[in-house]
$ cat target.txt   # compact mmCIF, C-alpha atoms and all ligand atoms
# COMPACT_ATOMS: atom_id res chain seq x y z
CA MET O 226 98.76 184.49 45.96
CA ASP O 227 100.28 187.93 46.15
CA GLY O 228 101.71 189.41 49.33
CA ASN O 229 98.21 190.32 50.54
CA GLY O 230 96.84 186.81 50.14
CA LYS O 231 94.97 187.74 46.96
CA THR O 232 94.67 185.39 44.02
CA ASN O 233 96.68 186.36 40.95
CA LEU O 234 94.65 185.72 37.82
CA LEU O 235 95.77 185.91 34.20
CA ILE O 236 92.97 186.52 31.69
CA VAL O 237 93.81 185.70 28.06
CA ASP O 238 91.30 186.56 25.37
CA ASP O 239 91.61 188.32 22.02
CA GLU O 240 88.27 190.15 22.54
CA SER O 241 88.81 193.30 24.56
CA THR O 242 85.19 193.40 25.84
CA ILE O 243 85.49 189.93 27.33
CA ARG O 244 88.88 190.72 28.88
CA GLU O 245 87.47 193.85 30.47
CA VAL O 246 84.29 192.19 31.76
CA LEU O 247 86.20 189.31 33.28
CA LYS O 248 88.83 191.63 34.77
CA ARG O 249 86.22 193.83 36.41
CA THR O 250 84.19 190.86 37.66
CA PHE O 251 87.17 189.18 39.32
CA GLU O 252 88.68 192.39 40.67
CA GLU O 253 85.37 193.12 42.38
CA ARG O 254 85.83 189.77 44.15
CA GLY O 255 89.32 190.58 45.35
CA PHE O 256 91.40 188.98 42.59
CA VAL O 257 94.49 190.69 41.21
CA CYS O 258 94.09 190.49 37.43
CA SER O 259 96.46 190.76 34.48
CA THR O 260 95.32 190.46 30.90
CA ALA O 261 96.88 189.30 27.65
CA THR O 262 95.51 189.27 24.14
CA ASN O 263 97.39 186.27 22.74
CA TYR O 264 99.79 183.38 23.37
CA ASP O 265 103.03 185.39 23.20
CA GLU O 266 101.79 188.19 25.43
CA ALA O 267 100.50 185.64 27.93
CA LEU O 268 103.89 183.88 28.02
CA GLU O 269 105.63 187.18 28.70
CA LYS O 270 103.30 187.81 31.64
CA LEU O 271 103.92 184.29 32.93
CA GLU O 272 107.68 184.83 32.81
CA GLY O 273 107.40 188.06 34.75
CA ASP O 274 104.85 187.09 37.39
CA CYS O 275 103.58 184.17 39.38
CA PHE O 276 99.92 183.26 38.77
CA ASP O 277 97.55 181.15 40.82
CA ALA O 278 94.92 180.96 38.10
CA ALA O 279 94.29 181.64 34.42
CA MET O 280 91.23 181.96 32.16
CA LEU O 281 92.16 181.08 28.61
CA ASP O 282 90.14 181.63 25.50
CA ILE O 283 90.58 178.63 23.24
CA MET O 284 90.06 180.30 19.88
CA MET O 285 92.56 183.10 19.45
CA PRO O 286 94.46 184.37 16.42
CA GLY O 287 97.87 182.67 16.28
CA ARG O 288 98.42 179.93 18.80
CA SER O 289 95.35 178.58 20.56
CA GLY O 290 94.43 178.58 24.21
CA VAL O 291 95.08 174.81 24.30
CA GLU O 292 98.68 175.40 23.21
CA LEU O 293 98.97 178.10 25.85
CA LEU O 294 97.60 175.66 28.42
CA GLY O 295 100.43 173.25 27.53
CA ALA O 296 103.01 176.02 28.02
CA ILE O 297 101.46 177.02 31.35
CA MET O 298 101.44 173.43 32.63
CA GLU O 299 105.10 173.13 31.70
CA HIS O 300 105.86 176.39 33.45
CA ASP O 301 103.84 175.71 36.62
CA ARG O 302 101.46 172.76 36.83
CA ASP O 303 99.76 174.27 39.89
CA VAL O 304 98.09 177.11 38.00
CA ALA O 305 94.29 176.62 38.15
CA VAL O 306 93.25 177.00 34.50
CA VAL O 307 89.67 177.49 33.32
CA MET O 308 89.13 177.42 29.55
CA VAL O 309 86.68 179.75 27.78
CA THR O 310 85.14 178.39 24.63
CA ALA O 311 82.36 178.71 22.08
CA VAL O 312 79.66 176.05 22.41
CA ALA O 313 80.89 174.32 19.28
CA ASP O 314 84.27 173.89 20.95
CA ALA O 315 83.03 171.77 23.85
CA GLN O 316 85.05 168.72 22.78
CA THR O 317 88.24 170.78 22.58
CA ALA O 318 87.52 172.12 26.05
CA ILE O 319 87.11 168.59 27.39
CA ASN O 320 90.43 167.66 25.78
CA ALA O 321 91.96 170.70 27.44
CA MET O 322 90.83 169.34 30.79
CA ARG O 323 92.71 166.16 30.05
CA LEU O 324 95.80 168.33 29.53
CA GLY O 325 95.47 169.89 32.97
CA ALA O 326 92.70 172.51 32.81
CA TYR O 327 90.40 172.37 35.84
CA ASP O 328 87.14 173.44 34.13
CA TYR O 329 85.67 175.21 31.13
CA VAL O 330 82.91 177.77 30.52
CA THR O 331 81.09 178.32 27.27
CA LYS O 332 80.40 181.62 25.56
CA PRO O 333 78.18 183.51 25.92
CA PHE O 334 78.74 183.01 29.61
CA ASN O 335 76.89 183.86 32.73
CA LEU O 336 79.32 185.75 34.99
CA VAL O 337 78.06 184.02 38.14
CA GLU O 338 78.87 180.67 36.57
CA VAL O 339 82.29 181.91 35.49
CA VAL O 340 83.12 182.99 39.02
CA MET O 341 81.81 179.72 40.48
CA SER O 342 83.84 177.75 37.98
CA MET O 343 87.00 179.66 38.91
CA GLU O 344 86.33 179.22 42.62
CA ARG O 345 85.83 175.46 42.16
CA ALA O 346 89.05 175.30 40.17
CA LEU O 347 90.93 177.13 42.91
CA GLU O 348 89.48 174.84 45.60
CA LYS O 349 90.45 171.77 43.62
CA ARG O 350 93.92 173.19 43.07
CA GLN O 351 94.26 173.90 46.79
CA LEU O 352 93.31 170.30 47.62
CA LEU O 353 95.76 168.89 45.09
CA VAL O 354 98.59 171.09 46.35
CA GLU O 355 97.83 170.22 49.98
CA ASN O 356 97.62 166.55 49.13
CA ARG O 357 100.93 166.66 47.31
CA ASN O 358 102.59 168.56 50.15
CA TYR O 359 101.19 166.00 52.58
CA GLN O 360 102.57 163.13 50.49
CA GLN O 361 105.92 164.86 50.32
CA ARG O 362 106.00 165.43 54.08
CA LEU O 363 104.99 161.81 54.61
CA GLU O 364 107.78 160.56 52.37
CA GLU O 365 110.28 162.81 54.15
CA THR O 366 109.10 161.57 57.53
CA VAL O 367 109.36 157.94 56.45
CA LYS O 368 112.86 158.59 55.11
CA GLU O 369 113.90 160.36 58.31
CA ARG O 370 112.55 157.53 60.47
CA THR O 371 114.24 154.92 58.29
CA ASP O 372 117.53 156.80 58.53
CA GLU O 373 117.09 157.09 62.29
CA LEU O 374 116.41 153.37 62.55
CA ARG O 375 119.43 152.61 60.44
CA GLU O 376 121.62 154.88 62.54
CA THR O 377 120.26 153.32 65.72
CA PHE O 378 121.04 149.89 64.35
CA VAL O 379 124.55 150.85 63.28
CA GLY O 380 125.09 152.45 66.71
CA ALA O 381 123.82 149.31 68.44
CA MET O 382 126.02 147.12 66.27
CA SER O 383 129.06 149.28 67.02
CA SER O 384 128.33 149.03 70.75
CA LEU O 385 127.91 145.31 70.37
CA ALA O 386 131.23 145.09 68.54
CA GLU O 387 132.83 147.12 71.31
CA ALA O 388 131.27 144.87 73.93
CA LEU O 389 132.54 141.86 72.04
CA ASP O 390 136.07 143.33 72.04
CA ALA O 391 135.77 144.20 75.73
CA LYS O 392 134.78 140.67 76.74
CA ASP O 393 138.29 139.62 75.99
CA PRO O 394 141.02 141.68 77.70
CA TYR O 395 143.30 140.95 74.76
CA THR O 396 141.05 142.60 72.24
CA ASN O 397 139.54 145.35 74.39
CA GLY O 398 139.22 148.52 72.29
CA HIS O 399 140.58 146.76 69.18
CA SER O 400 137.84 147.82 66.74
CA LYS O 401 138.02 151.47 67.82
CA ARG O 402 141.81 151.52 67.45
CA VAL O 403 141.59 149.86 64.03
CA THR O 404 139.10 152.55 63.02
CA GLU O 405 141.32 155.37 64.25
CA ILE O 406 144.41 154.03 62.48
CA SER O 407 142.41 153.39 59.29
CA VAL O 408 141.04 156.94 59.32
CA VAL O 409 144.56 158.40 59.60
CA LEU O 410 145.72 156.26 56.67
CA ALA O 411 142.64 157.08 54.58
CA THR O 412 143.13 160.79 55.23
CA GLU O 413 146.80 160.57 54.19
CA LEU O 414 145.71 158.77 51.04
CA GLY O 415 143.52 161.77 50.21
CA LEU O 416 140.15 160.00 50.47
CA ASP O 417 137.16 162.30 50.77
CA GLU O 418 134.96 162.66 53.84
CA SER O 419 132.26 160.29 52.56
CA GLN O 420 134.81 157.54 51.85
CA ILE O 421 136.38 158.11 55.26
CA GLU O 422 132.94 157.84 56.88
CA LYS O 423 132.49 154.44 55.23
CA ILE O 424 135.90 153.32 56.50
CA ARG O 425 134.97 154.55 59.98
CA MET O 426 131.75 152.53 59.94
CA ALA O 427 133.45 149.43 58.53
CA GLY O 428 136.30 149.75 61.06
CA ASP O 429 133.91 149.77 64.01
CA LEU O 430 132.11 146.73 62.64
CA HIS O 431 134.90 144.81 60.92
CA ASP O 432 134.91 141.93 63.41
CA ILE O 433 131.17 141.93 64.20
CA GLY O 434 130.96 138.48 62.57
CA LYS O 435 132.84 137.07 65.57
CA ILE O 436 129.49 137.15 67.36
CA GLY O 437 128.78 133.94 65.50
CA ILE O 438 132.01 132.21 66.56
CA PRO O 439 131.96 130.09 69.75
CA GLU O 440 133.88 131.74 72.58
CA ALA O 441 135.74 128.49 73.22
CA ILE O 442 137.36 128.95 69.82
CA LEU O 443 137.84 132.72 70.03
CA ASN O 444 139.49 132.50 73.46
CA LYS O 445 141.39 129.28 72.90
CA ARG O 446 144.93 129.63 74.21
CA GLY O 447 146.59 126.90 72.22
CA LYS O 448 146.89 126.47 68.50
CA LEU O 449 143.59 126.27 66.61
CA SER O 450 142.75 123.08 64.74
CA ASP O 451 142.17 123.42 61.00
CA GLU O 452 138.44 123.17 61.61
CA GLU O 453 138.55 125.83 64.31
CA PHE O 454 140.59 128.11 62.11
CA GLU O 455 138.07 127.72 59.30
CA CYS O 456 135.38 128.73 61.78
CA VAL O 457 137.31 131.87 62.83
CA LYS O 458 137.89 132.73 59.18
CA SER O 459 134.15 132.73 58.58
CA HIS O 460 133.78 135.93 60.67
CA SER O 461 134.39 138.28 57.76
CA GLU O 462 131.59 136.74 55.69
CA ARG O 463 129.32 136.46 58.72
CA GLY O 464 129.96 140.13 59.49
CA GLU O 465 128.91 141.15 56.01
CA LYS O 466 125.69 139.11 56.33
CA ILE O 467 124.84 140.54 59.76
CA ILE O 468 124.97 144.12 58.56
CA GLU O 469 123.50 143.49 55.11
CA PRO O 470 119.83 144.19 55.97
CA PHE O 471 120.67 147.55 57.50
CA ILE O 472 123.73 148.90 55.75
CA ARG O 473 122.83 149.33 52.11
CA ASP O 474 126.21 150.79 51.24
CA ALA O 475 128.00 148.12 49.24
CA THR O 476 131.43 149.67 49.96
CA VAL O 477 131.05 149.30 53.73
CA ARG O 478 129.91 145.69 53.34
CA ALA O 479 132.79 144.94 50.95
CA ILE O 480 135.40 146.45 53.29
CA ILE O 481 134.19 144.15 56.08
CA ARG O 482 134.03 141.09 53.86
CA HIS O 483 137.56 141.54 52.51
CA HIS O 484 139.54 142.81 55.49
CA HIS O 485 141.50 139.51 55.65
CA GLU O 486 142.44 139.28 52.00
CA ARG O 487 146.17 139.31 51.21
CA PHE O 488 147.64 141.74 48.69
CA SER O 489 149.39 138.90 46.84
CA GLY O 490 146.29 136.68 47.00
CA GLY O 491 145.50 133.65 49.10
CA GLY O 492 143.67 135.48 51.91
CA TYR O 493 140.05 134.94 52.84
CA PRO O 494 137.19 134.70 52.10
CA ASP O 495 137.65 135.16 48.34
CA GLY O 496 141.39 135.02 47.72
CA LYS O 497 141.30 138.38 45.98
CA ALA O 498 144.58 140.13 45.17
CA GLY O 499 145.97 143.60 44.50
CA GLU O 500 143.51 146.31 43.61
CA ASP O 501 140.68 143.78 43.34
CA ILE O 502 140.63 144.05 47.11
CA PRO O 503 138.64 147.14 48.11
CA LEU O 504 140.93 150.00 49.13
CA GLY O 505 139.19 150.25 52.51
CA SER O 506 139.97 146.57 53.19
CA ARG O 507 143.64 147.06 52.23
CA ILE O 508 143.83 149.97 54.64
CA MET O 509 142.08 148.01 57.37
CA ALA O 510 144.36 144.99 56.89
CA VAL O 511 147.38 147.14 57.85
CA ALA O 512 145.58 148.83 60.75
CA ASP O 513 144.19 145.51 62.02
CA ALA O 514 147.55 143.72 61.87
CA TYR O 515 149.41 146.60 63.54
CA ASP O 516 146.92 146.76 66.40
CA ALA O 517 146.88 142.98 66.82
CA MET O 518 150.69 142.81 66.88
CA THR O 519 151.03 145.61 69.43
CA SER O 520 148.39 144.07 71.73
CA ASP O 521 148.94 141.27 74.21
CA ARG O 522 147.44 137.98 73.15
CA SER O 523 146.73 134.95 75.33
CA TYR O 524 149.56 133.12 73.59
CA ARG O 525 152.13 135.95 73.33
CA LYS O 526 153.06 139.34 74.68
CA ALA O 527 152.54 142.51 72.67
CA MET O 528 155.21 143.36 70.14
CA SER O 529 156.90 146.75 70.37
CA PRO O 530 155.72 149.31 67.81
CA ASP O 531 159.14 149.11 66.12
CA ASN O 532 158.93 145.35 65.77
CA ALA O 533 155.35 145.60 64.51
CA LYS O 534 156.46 148.12 61.87
CA ALA O 535 159.29 145.79 60.88
CA GLN O 536 156.69 143.04 60.40
CA LEU O 537 154.58 145.31 58.23
CA MET O 538 157.66 146.07 56.13
CA ALA O 539 158.56 142.38 55.91
CA ASN O 540 155.09 141.63 54.56
CA ARG O 541 154.92 144.69 52.33
CA GLY O 542 153.60 143.53 48.94
CA SER O 543 152.74 140.01 50.15
CA GLN O 544 150.17 140.39 52.92
CA PHE O 545 149.83 144.16 52.68
CA ASP O 546 149.43 146.80 50.00
CA PRO O 547 152.98 148.27 49.77
CA GLU O 548 151.70 151.81 49.27
CA ILE O 549 149.65 151.64 52.44
CA VAL O 550 152.54 150.21 54.46
CA ASP O 551 154.72 153.09 53.20
CA ILE O 552 152.09 155.59 54.24
CA PHE O 553 151.81 153.95 57.65
CA ILE O 554 155.57 154.26 58.17
CA MET O 555 155.47 157.88 56.98
CA VAL O 556 152.65 158.99 59.24
CA GLU O 557 153.36 156.74 62.15
CA ASN O 558 153.58 159.73 64.51
CA LYS O 559 149.98 160.62 63.65
CA ILE O 560 148.68 157.17 64.51
CA PRO O 561 146.60 157.62 67.64
CA PHE O 562 147.49 154.18 68.94
CA CYS O 563 147.11 153.58 72.58
CA PRO O 564 150.62 152.92 73.99
CA VAL O 565 151.07 149.23 74.66
CA SER O 566 151.79 149.95 78.31
CA ALA O 567 148.40 151.63 78.70
CA ARG O 568 146.41 148.73 77.22
CA PRO O 569 144.33 146.63 79.63
CA LYS O 570 146.44 143.94 81.20
CA SER O 571 145.73 140.34 80.45
CA LYS O 572 144.39 138.09 83.19
CA THR O 573 147.63 136.13 83.22
FE FE C 1 138.94 140.29 61.52
$ encode --input "target.txt" --output "structure tokens" --more "lines below"
Ligand SMILES: [Fe+2]
Amino acid sequence: MDGNGKTNLLIVDDESTIREVLKRTFEERGFVCSTATNYDEALEKLEGDCFDAAMLDIMMPGRSGVELLGAIMEHDRDVAVVMVTAVADAQTAINAMRLGAYDYVTKPFNLVEVVMSMERALEKRQLLVENRNYQQRLEETVKERTDELRETFVGAMSSLAEALDAKDPYTNGHSKRVTEISVVLATELGLDESQIEKIRMAGDLHDIGKIGIPEAILNKRGKLSDEEFECVKSHSERGEKIIEPFIRDATVRAIIRHHHERFSGGGYPDGKAGEDIPLGSRIMAVADAYDAMTSDRSYRKAMSPDNAKAQLMANRGSQFDPEIVDIFIMVENKIPFCPVSARPKSKT
């Protein structure tokens, strides 16, 4: 359509009489018409203008109308094309319809039929375009809703993780602090915003698997039995499984699964070592340990930040990625940790 809502029609025929008759006929009915005498001229017009419809003569000197149809479909498959052919060419016209033409008229033609054929083609085109737009809108809506659902789930899981932390005064706010520290480290490491977003999500959810661990074990004051310890260790795998149906991002799931691996190997659940451990998990291991050490626990008081840093240094290269420990020490003043004195007091 042009700016006035009129249909732009391209008429291609090597016979000037036919071009003129068709042009006049369609212009009388409000179409805006351009004409071309052959394939090359038609292509030039197509490059320079946007057409809603085209009438193409099949038999033309040089390249045929069927070849032109192919070029038009490649250029814009929404152009409503009606082929014009001699009676003997009916089979070619039918083939042209298979290639994307909407209809064909045979010469000598009745102008009323030609107009009707073009109007039918335009109606059909309109329906197809509307249908496609509807499908597209539908797909977009489904995607939006799915994303919303996913976000809602991730939000609910984060709240659940927070609630889980808050149930125990010793771990209150732990996941959030681990996320904040991890984000500072990731930023210092030069990770991009999308990687940082994954670390943020994984940080909030890194201990979500503890939902599956009995509270009697989680809150036990004394030393855990081997069996109990095995149960606690299962939280990283459980966490990955809990989020799996909703978080498709493999990196986020991997960070959660491996946040208790040790840099020198021998951690859990897979005993990975070095750079086989996802970078996000190596970052989180440092953040997690630092926050745990500087928080009160039922069986010990919080360590001072200096002592916690000394512990990180002592385990640099064994439990922790040395590069990440170095970065932690370097940017320690940027770590938004909650001062130990401001943490919630234990019940004891
Ligand atoms: Fe954990």
$ residues_near_ligand --input "target.txt" --ligand "ligand FE 1 (chain C)" --cutoff "9 Å" --atoms "only C-alpha atoms and all ligand atoms" --output "ChimeraX atom specification"
/O:431-435,457-458,460-461,481,484-485,510,513
$ atom_distance --input "target.txt" --atom1 "CA of Leu281 (chain O)" --atom2 "CA of Gly230 (chain O)"
22.8 Å
$ atom_distance --input "target.txt" --atom1 "CA of Leu410 (chain O)" --atom2 "CA of Gly490 (chain O)"
21.8 Å
$ atom_distance --input "target.txt" --atom1 "CA of Glu348 (chain O)" --atom2 "CA of Arg249 (chain O)"
21.3 Å
$ residues_around --input "target.txt" --residues "region 521-535 of chain O" --least-positions-apart "6" --cutoff "7 Å" --atoms "all atoms listed in the file" --output "compact mmCIF listing (two decimals) with C-alpha atoms, keeping the file's coordinate frame"
# COMPACT_ATOMS: atom_id res chain seq x y z
CA TYR O 395 143.30 140.95 74.76
CA ARG O 446 144.93 129.63 74.21
CA TYR O 515 149.41 146.60 63.54
$ residues_around --input "target.txt" --residues "region 290-300 of chain O" --least-positions-apart "4" --cutoff "6 Å" --atoms "only C-alpha atoms" --output "JSON, numbers by chain"
{"O": [264, 281, 282, 283]}
$ residues_around --input "target.txt" --residues "Leu374 (chain O)" --least-positions-apart "5" --cutoff "9 Å" --atoms "only C-alpha atoms" --output "number ranges by chain"
O: 369, 379, 471
$ closest_residue --input "target.txt" --among "O:Arg362, O:Lys231, O:His399, O:Arg375" --to "Ile468 (chain O)" --atoms "only C-alpha atoms"
O:Arg375
$ residues_around --input "target.txt" --residues "region 331-337 of chain O" --least-positions-apart "6" --cutoff "6 Å" --atoms "only C-alpha atoms" --output "list in words"
Val309, Thr310, Ala311 and Val312 of chain O
$ residues_around --input "target.txt" --residues "Phe256 (chain O)" --least-positions-apart "3" --cutoff "12 Å" --atoms "only C-alpha atoms" --output "PyMOL selection string"
chain O and resi 226-227+229-236+247-253+259+276-279+340+343-344+347
$ write_last_selection --input "target.txt" --atoms "C-alpha atoms" --output "mmCIF file, in the coordinates of the input"
data_model
loop_
_atom_site.group_PDB
_atom_site.id
_atom_site.type_symbol
_atom_site.label_atom_id
_atom_site.label_comp_id
_atom_site.auth_asym_id
_atom_site.auth_seq_id
_atom_site.Cartn_x
_atom_site.Cartn_y
_atom_site.Cartn_z
ATOM 1 C CA MET O 226 98.760 184.490 45.960
ATOM 2 C CA ASP O 227 100.280 187.930 46.150
ATOM 3 C CA ASN O 229 98.210 190.320 50.540
ATOM 4 C CA GLY O 230 96.840 186.810 50.140
ATOM 5 C CA LYS O 231 94.970 187.740 46.960
ATOM 6 C CA THR O 232 94.670 185.390 44.020
ATOM 7 C CA ASN O 233 96.680 186.360 40.950
ATOM 8 C CA LEU O 234 94.650 185.720 37.820
ATOM 9 C CA LEU O 235 95.770 185.910 34.200
ATOM 10 C CA ILE O 236 92.970 186.520 31.690
ATOM 11 C CA LEU O 247 86.200 189.310 33.280
ATOM 12 C CA LYS O 248 88.830 191.630 34.770
ATOM 13 C CA ARG O 249 86.220 193.830 36.410
ATOM 14 C CA THR O 250 84.190 190.860 37.660
ATOM 15 C CA PHE O 251 87.170 189.180 39.320
ATOM 16 C CA GLU O 252 88.680 192.390 40.670
ATOM 17 C CA GLU O 253 85.370 193.120 42.380
ATOM 18 C CA SER O 259 96.460 190.760 34.480
ATOM 19 C CA PHE O 276 99.920 183.260 38.770
ATOM 20 C CA ASP O 277 97.550 181.150 40.820
ATOM 21 C CA ALA O 278 94.920 180.960 38.100
ATOM 22 C CA ALA O 279 94.290 181.640 34.420
ATOM 23 C CA VAL O 340 83.120 182.990 39.020
ATOM 24 C CA MET O 343 87.000 179.660 38.910
ATOM 25 C CA GLU O 344 86.330 179.220 42.620
ATOM 26 C CA LEU O 347 90.930 177.130 42.910
#
$ closest_residue --input "target.txt" --among "O:Ile480, O:Ile560, O:Ile552, O:Ala388" --to "Pro503 (chain O)" --atoms "all atoms listed in the file"
O:Ile480
$ closest_atom_pairs --input "target.txt" --of "region 414-466 of chain O" --to "region 380-384 of chain O" --cutoff "9 Å" --atoms "only C-alpha atoms" --output "Markdown table"
| residue | atom | partner | partner_atom | distance |
| --- | --- | --- | --- | --- |
| O:Met426 | CA | O:Ser383 | CA | 8.2 |
| O:Asp429 | CA | O:Ser383 | CA | 5.7 |
| O:Leu430 | CA | O:Ser383 | CA | 5.9 |
| O:Ile433 | CA | O:Met382 | CA | 7.6 |
$ closest_residue --input "target.txt" --among "O:Met509, O:Val354, O:Met322, O:Ala517" --to "Asn397 (chain O)" --atoms "all atoms listed in the file"
O:Ala517
$ closest_residue --input "target.txt" --among "O:Ser506, O:Arg345, O:Gly273, O:Gly428" --to "Gly398 (chain O)" --atoms "all atoms listed in the file"
O:Gly428
$ closest_residue --input "target.txt" --among "O:Arg288, O:Ser520, O:Gln316, O:Ile502" --to "Pro394 (chain O)" --atoms "only C-alpha atoms"
O:Ser520
$ closest_residue --input "target.txt" --among "O:Asp303, O:Ser419, O:Ile467, O:Cys456" --to "Arg357 (chain O)" --atoms "only C-alpha atoms"
O:Asp303
$ axis_aligned_box --input "target.txt" --around "region 376-389 of chain O" --padding-each-side "4 Å" --output "AutoDock Vina command-line options"
--center_x 126.5 --center_y 148.4 --center_z 68.2 --size_x 20.6 --size_y 21.0 --size_z 19.4
